[in-house]
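This report concerns only the one structure given below.
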Amino acid sequence: VDSRLNSTVSALMPMLEEGVDDEQQRRKPTRYHLTRGDWLKFCTSLYLTLLEAERLFNRLADNKRFVDLRAMFETLRATVEPDVTLERFVIKLVAQYETLKGAFQRFCEDRSYLPNCPEPLLWWSGFHKMAVALHINDDNTQE
């Protein structure tokens, strides 16, 4: 998600910075936060109508009236990503980490310091991080 977000933000920055003075840029918490005007430009580039863009802004904006793109993409991942079968999950794991063992080692807790149980262990938090890395929605992950 981070690489897609960074490329999206990098592609949008020149368009969003057109006509924006330094004062407005300094008020943004991060470059991932969009003002209402930035949000409308972003939505226009996605061919959304003004009404759709306004409704989305009202739903997604925080109390400071910014839309955090990172939070938006995480919400999309958690709720909109399609469900995957167990077979598709394994295919995604192997495609990204080459082997099942490699994938699980990447997300397992290192317990080598424990003399009685030194084997790595995959806790729920590690499994969830793995599912996020594979772009699997949260409901499907919990199944």
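Chain identifiers are assigned as A, B, and so on, following the order in which chains appear in the structure tokens; residues are numbered from 1 within each chain, and ligands are numbered from 1 in order of appearance.
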Selection: 9 Å around Ala61 of chain A, only C-alpha atoms, excl. self and same-chain fewer than 6 positions, as a PDB file with N, CA and C atoms, in the first residue's frame:
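Output file out-v9.pdb follows:
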```
ATOM      1  N   LEU A  34      -4.711  16.290   2.325  1.00  0.00           N
ATOM      2  CA  LEU A  34      -5.237  17.149   1.275  1.00  0.00           C
ATOM      3  C   LEU A  34      -6.252  18.121   1.851  1.00  0.00           C
ATOM      4  N   THR A  35      -6.134  19.373   1.436  1.00  0.00           N
ATOM      5  CA  THR A  35      -7.155  20.357   1.780  1.00  0.00           C
ATOM      6  C   THR A  35      -8.387  20.072   0.931  1.00  0.00           C
ATOM      7  N   ARG A  36      -9.453  20.804   1.171  1.00  0.00           N
ATOM      8  CA  ARG A  36     -10.667  20.613   0.381  1.00  0.00           C
ATOM      9  C   ARG A  36     -10.388  20.862  -1.101  1.00  0.00           C
ATOM     10  N   VAL A  67      -8.063  15.600   4.382  1.00  0.00           N
ATOM     11  CA  VAL A  67      -8.231  14.183   4.083  1.00  0.00           C
ATOM     12  C   VAL A  67      -6.833  13.573   4.080  1.00  0.00           C
ATOM     13  N   ASP A  68      -6.616  12.600   4.946  1.00  0.00           N
ATOM     14  CA  ASP A  68      -5.340  11.905   5.031  1.00  0.00           C
ATOM     15  C   ASP A  68      -5.382  10.743   4.032  1.00  0.00           C
TER      16      ASP A  68
END
```
Could you tell me, as an mmCIF file with N, CA, C and O atoms, in the first residue's frame, which residues of chain A DSSP assigns to strand (DSSP E or B) when given the backbone?
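Listing of selection_1.cif after writing:
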```
data_model
loop_
_atom_site.group_PDB
_atom_site.id
_atom_site.type_symbol
_atom_site.label_atom_id
_atom_site.label_comp_id
_atom_site.auth_asym_id
_atom_site.auth_seq_id
_atom_site.Cartn_x
_atom_site.Cartn_y
_atom_site.Cartn_z
ATOM 1 N N HIS A 33 -1.753 14.780 3.425
ATOM 2 C CA HIS A 33 -3.010 15.420 3.815
ATOM 3 C C HIS A 33 -3.442 16.390 2.723
ATOM 4 O O HIS A 33 -2.641 17.191 2.253
ATOM 5 N N LEU A 34 -4.711 16.290 2.325
ATOM 6 C CA LEU A 34 -5.237 17.149 1.275
ATOM 7 C C LEU A 34 -6.252 18.121 1.851
ATOM 8 O O LEU A 34 -7.125 17.731 2.627
ATOM 9 N N VAL A 67 -8.063 15.600 4.382
ATOM 10 C CA VAL A 67 -8.231 14.183 4.083
ATOM 11 C C VAL A 67 -6.833 13.573 4.080
ATOM 12 O O VAL A 67 -5.962 14.010 3.323
ATOM 13 N N ASP A 68 -6.616 12.600 4.946
ATOM 14 C CA ASP A 68 -5.340 11.905 5.031
ATOM 15 C C ASP A 68 -5.382 10.743 4.032
ATOM 16 O O ASP A 68 -6.141 9.792 4.218
ATOM 17 N N GLU A 109 7.285 -13.994 15.195
ATOM 18 C CA GLU A 109 8.018 -13.429 16.331
ATOM 19 C C GLU A 109 9.251 -14.290 16.585
ATOM 20 O O GLU A 109 9.173 -15.510 16.663
ATOM 21 N N LEU A 121 7.064 -18.030 16.251
ATOM 22 C CA LEU A 121 5.629 -18.158 16.429
ATOM 23 C C LEU A 121 4.929 -17.028 15.691
ATOM 24 O O LEU A 121 5.327 -15.866 15.788
#
```
Please extract the residues of segment 41-116 of chain A with a backbone DSSP assignment of alpha helix (DSSP H) and present them as a PyMOL selection string. chain A and resi 41-45+50-60+69-79+86-97+100-107
Which residues, written as a VMD selection string, have at least one atom at most 7 Å from segment 123-139 of chain A, with only C-alpha atoms counted and residues fewer than 4 positions away on the same chain left out? chain A and resid 77 to 83 92 107 to 108 143
Selection file, N, CA, C and O atoms, as a PDB file, in the first residue's frame:
```pdb
ATOM      1  N   ARG A  77      -8.442  -0.498   1.724  1.00  0.00           N
ATOM      2  CA  ARG A  77      -7.888  -1.845   1.813  1.00  0.00           C
ATOM      3  C   ARG A  77      -8.691  -2.717   2.773  1.00  0.00           C
ATOM      4  O   ARG A  77      -9.018  -3.855   2.494  1.00  0.00           O
ATOM      5  N   ALA A  78      -9.050  -2.143   3.904  1.00  0.00           N
ATOM      6  CA  ALA A  78      -9.737  -2.913   4.939  1.00  0.00           C
ATOM      7  C   ALA A  78     -11.170  -3.273   4.552  1.00  0.00           C
ATOM      8  O   ALA A  78     -11.698  -4.277   5.007  1.00  0.00           O
ATOM      9  N   THR A  79     -11.794  -2.455   3.706  1.00  0.00           N
ATOM     10  CA  THR A  79     -13.217  -2.671   3.440  1.00  0.00           C
ATOM     11  C   THR A  79     -13.552  -3.034   1.996  1.00  0.00           C
ATOM     12  O   THR A  79     -14.556  -3.696   1.758  1.00  0.00           O
ATOM     13  N   VAL A  80     -12.743  -2.621   1.048  1.00  0.00           N
ATOM     14  CA  VAL A  80     -13.114  -2.778  -0.354  1.00  0.00           C
ATOM     15  C   VAL A  80     -12.332  -3.873  -1.075  1.00  0.00           C
ATOM     16  O   VAL A  80     -12.832  -4.453  -2.031  1.00  0.00           O
ATOM     17  N   GLU A  81     -11.124  -4.189  -0.621  1.00  0.00           N
ATOM     18  CA  GLU A  81     -10.352  -5.247  -1.272  1.00  0.00           C
ATOM     19  C   GLU A  81     -11.210  -6.501  -1.369  1.00  0.00           C
ATOM     20  O   GLU A  81     -11.907  -6.858  -0.422  1.00  0.00           O
ATOM     21  N   PRO A  82     -11.166  -7.192  -2.482  1.00  0.00           N
ATOM     22  CA  PRO A  82     -11.998  -8.387  -2.629  1.00  0.00           C
ATOM     23  C   PRO A  82     -11.519  -9.518  -1.722  1.00  0.00           C
ATOM     24  O   PRO A  82     -10.352  -9.581  -1.347  1.00  0.00           O
ATOM     25  N   ASP A  83     -12.445 -10.391  -1.373  1.00  0.00           N
ATOM     26  CA  ASP A  83     -12.099 -11.574  -0.596  1.00  0.00           C
ATOM     27  C   ASP A  83     -11.230 -12.491  -1.456  1.00  0.00           C
ATOM     28  O   ASP A  83     -11.330 -12.496  -2.678  1.00  0.00           O
ATOM     29  N   LYS A  92      -0.552 -15.602  -3.518  1.00  0.00           N
ATOM     30  CA  LYS A  92      -0.030 -14.252  -3.246  1.00  0.00           C
ATOM     31  C   LYS A  92       1.205 -14.304  -2.353  1.00  0.00           C
ATOM     32  O   LYS A  92       2.168 -13.577  -2.575  1.00  0.00           O
ATOM     33  N   PHE A 107       7.129 -12.588   9.142  1.00  0.00           N
ATOM     34  CA  PHE A 107       6.127 -12.045  10.055  1.00  0.00           C
ATOM     35  C   PHE A 107       6.063 -12.747  11.411  1.00  0.00           C
ATOM     36  O   PHE A 107       5.279 -12.358  12.262  1.00  0.00           O
ATOM     37  N   CYS A 108       6.875 -13.773  11.608  1.00  0.00           N
ATOM     38  CA  CYS A 108       6.870 -14.491  12.893  1.00  0.00           C
ATOM     39  C   CYS A 108       7.651 -13.726  13.956  1.00  0.00           C
ATOM     40  O   CYS A 108       8.571 -12.972  13.655  1.00  0.00           O
ATOM     41  N   GLU A 143     -11.479 -14.442   8.770  1.00  0.00           N
ATOM     42  CA  GLU A 143     -12.077 -15.739   8.477  1.00  0.00           C
ATOM     43  C   GLU A 143     -10.997 -16.751   8.507  1.00  0.00           C
ATOM     44  O   GLU A 143     -10.916 -17.817   8.702  1.00  0.00           O
TER      45      GLU A 143
END
```
Measure the distance from atom CA of Trp39 of chain A to atom CA of Ala53 of chain A in Å and round it to one decimal. 7.5 Å
Would you compute the distance between atom CA of Phe73 of chain A and atom CA of Phe104 of chain A? Give it in Å to one decimal. 24.9 Å
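Restricting the calculation to only C-alpha atoms, the smallest distance between Phe89 of chain A and any of A:Ala103, A:Glu54, A:Glu74, A:Asn63 is found for A:Ala103.
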Tell me, as a PyMOL selection string, which residues lie within 12 Å of Phe66 of chain A, counting only C-alpha atoms; anything in the same chain fewer than 4 positions away does not count. chain A and resi 27-40+56-62+70-72
